[in-house]
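All remarks here apply to the structure that follows.
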Amino acid sequence: MYKLMIVDDEPQILEGMKRILDWKQYGFGRIETCESINEAMSKAVDLMPDIAIFDVCIGKELGYEAIRRLNEFQLPTKFIIMSGYSEFKYALEAIRCGVKDYLLKPVERTKLQQVIEKIIVEDLNGSIGDINSESLNRDPVLGVSYDSLSKLVNRILLMIKTEYAQNITLKSVAERFQMNSTYLGQLFLKETAMKFSEYLMAYRMLLAQERIQGTDEKISCIALSVGYNNLNYFYTQFHNFFGKSPSELRGKG
């Protein structure tokens, strides 16, 4: 089983990167996240990850500087840099550190998938022949291939998947795209057959279902983790979506 380490100082980015791919299908049995360079340095030596994904800027420190230091330890790790900056100097420094690729944020799922598959085959001597690439490339809510959706809608979906626990709204997304929220909402509805709010709720419900059935976390903690501050509202939404309560889904009711 492969080991993966993701380093970024934004918790929502870390959570999003953990969910952007079905890492288990690629053979990753352990995924560790770090929010600082110091934590990453110590954890990398202990974990010896097969692949490590670093943000280019972590606090006031630079990800490629950490990679340069880790290379001195001769770890077997293959590194990937992700960045919100397209500046050539960052990419050049990353290349000098021997990173396998330089990905711009928001990281495109298909691009990351290609990079990971290439590393597994060429550097880790693994195989991806038995991986169902169709399921990896299918949106869990819409049930359609990401390739069938426009770049704009894919970016909106990625924002939801990385910021679902925050107060993300159609208006806030439209402001970031510098678009009219009504127009953006119409585009989203036309392409997905779902309103933005409906998709966000459905995605949150699927995450809640996964945690309710897969962990012993308190329902109140799970509700908060998927973006619901009001527990009663979460119970109402959950029952409307699944036709049963969280405790019934868990098998206690």
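Naming scheme: A, B, ... for chains in displayed order of the structure tokens; residues 1 onward per chain; ligands 1 onward as shown.
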Could you list, as an MDAnalysis selection string, every residue within 7 Å of stretch 44-59 of chain A, counting only C-alpha atoms and ignoring same-chain residues fewer than 2 positions away?
chainID A and resid 2:9 36:37 40:42 61:64 75:83
So that I can see what lies close to A:Ile168, please list as a ChimeraX atom specification the residues with an atom at most 12 Å from it, counting only C-alpha atoms and leaving out residues fewer than 2 positions away in the same chain.
/A:12,156-166,170-176,196-197,199-201,204,226-228
Can I get the selected residues back with C-alpha atoms, as a PDB file, in the first residue's frame?
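Resulting contents of again09.pdb:
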```pdb
ATOM      1  CA  GLN A  12     -10.215  23.155   3.729  1.00  0.00           C
ATOM      2  CA  ILE A 156     -17.666  25.264  -9.165  1.00  0.00           C
ATOM      3  CA  LEU A 157     -17.887  21.606  -8.140  1.00  0.00           C
ATOM      4  CA  LEU A 158     -14.278  21.703  -6.990  1.00  0.00           C
ATOM      5  CA  MET A 159     -14.994  24.785  -4.872  1.00  0.00           C
ATOM      6  CA  ILE A 160     -17.894  22.965  -3.234  1.00  0.00           C
ATOM      7  CA  LYS A 161     -15.757  19.898  -2.562  1.00  0.00           C
ATOM      8  CA  THR A 162     -13.022  21.951  -0.908  1.00  0.00           C
ATOM      9  CA  GLU A 163     -15.214  24.459   0.950  1.00  0.00           C
ATOM     10  CA  TYR A 164     -18.403  22.530   1.769  1.00  0.00           C
ATOM     11  CA  ALA A 165     -17.766  22.970   5.501  1.00  0.00           C
ATOM     12  CA  GLN A 166     -17.639  26.752   5.100  1.00  0.00           C
ATOM     13  CA  LEU A 170     -23.848  30.862  -5.040  1.00  0.00           C
ATOM     14  CA  LYS A 171     -23.301  34.559  -4.398  1.00  0.00           C
ATOM     15  CA  SER A 172     -19.825  34.040  -2.925  1.00  0.00           C
ATOM     16  CA  VAL A 173     -18.833  31.790  -5.832  1.00  0.00           C
ATOM     17  CA  ALA A 174     -20.178  34.292  -8.377  1.00  0.00           C
ATOM     18  CA  GLU A 175     -18.180  37.096  -6.748  1.00  0.00           C
ATOM     19  CA  ARG A 176     -14.982  35.088  -7.136  1.00  0.00           C
ATOM     20  CA  PHE A 196     -26.426  25.177  -6.688  1.00  0.00           C
ATOM     21  CA  SER A 197     -28.027  24.918  -3.237  1.00  0.00           C
ATOM     22  CA  TYR A 199     -26.074  20.167  -5.163  1.00  0.00           C
ATOM     23  CA  LEU A 200     -24.343  21.587  -2.081  1.00  0.00           C
ATOM     24  CA  MET A 201     -26.918  19.991   0.209  1.00  0.00           C
ATOM     25  CA  ARG A 204     -22.967  17.446   2.301  1.00  0.00           C
ATOM     26  CA  VAL A 226     -20.170  19.108   6.814  1.00  0.00           C
ATOM     27  CA  GLY A 227     -21.265  22.716   7.237  1.00  0.00           C
ATOM     28  CA  TYR A 228     -24.332  22.650   9.496  1.00  0.00           C
TER      29      TYR A 228
END
```
Have a look at atom CA of A:Pro106 and atom CA of A:Ala91 and let me know their distance in Å, one decimal.
16.0 Å
Given the choices A:Glu65, A:Asn232, A:Arg250, A:Phe73, which gets closest to A:Tyr90 if the distance is worked out from only C-alpha atoms?
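Selected residue with least distance to A:Tyr90: A:Glu65.
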Among stretch 5-222 of chain A, which residues does DSSP mark as alpha helix (DSSP H) when it is run on the backbone? Keep the chain and numbering as in the structure and answer as a VMD selection string.
chain A and resid 11 to 19 37 to 47 63 to 72 88 to 96 109 to 122 133 to 136 151 to 163 170 to 177 181 to 192 196 to 214 219 to 222
Identify all residues of stretch 85-216 of chain A in strand (DSSP E) (DSSP on the backbone) and supply them as number ranges by chain.
A: 101-104
Given only C-alpha atoms as the counted atoms, nearest of A:Thr110, A:Lys195, A:Ile67, A:Lys118 to A:Glu93:
A:Ile67
Which residue is closest to A:Gln113? Choose from A:Tyr203, A:Trp23, A:Phe241, A:Phe234 and count only C-alpha atoms.
A:Trp23
Residues within 12 Å of A:Ile222, please, as JSON, numbers by chain. Count only C-alpha atoms; anything in the same chain fewer than 2 positions from it doesn't count.
{"A": [165, 204, 205, 206, 207, 208, 209, 210, 211, 212, 213, 214, 215, 216, 217, 218, 219, 220, 224, 225, 226, 227, 228, 229, 230, 231, 234, 235, 238, 246]}
May I have the residues within 12 Å of A:Asp139 as a compact mmCIF listing (two decimals) with C-alpha atoms, in the first residue's frame, using only C-alpha atoms and disregarding those fewer than 6 positions away in the same chain?
```txt
# COMPACT_ATOMS: atom_id res chain seq x y z
CA ARG A 19 -11.40 13.77 -1.45
CA ILE A 20 -10.48 14.94 -4.92
CA LEU A 21 -9.53 11.37 -5.91
CA ASP A 22 -10.48 7.93 -4.62
CA ARG A 109 -9.00 16.45 -10.88
CA SER A 145 -18.42 12.04 -16.01
CA TYR A 146 -16.53 15.23 -15.16
CA ASP A 147 -15.39 15.25 -18.78
CA SER A 148 -19.00 15.84 -19.86
CA LEU A 149 -19.19 19.05 -17.84
CA VAL A 153 -19.01 23.88 -13.74
CA ASN A 154 -16.07 21.65 -12.85
CA LEU A 157 -17.89 21.61 -8.14
CA LEU A 158 -14.28 21.70 -6.99
CA LYS A 161 -15.76 19.90 -2.56
CA THR A 192 -26.44 19.85 -14.01
CA TYR A 199 -26.07 20.17 -5.16
CA ALA A 202 -26.67 16.63 -1.58
CA TYR A 203 -22.87 16.61 -1.40
CA LEU A 206 -23.35 12.07 1.12
```
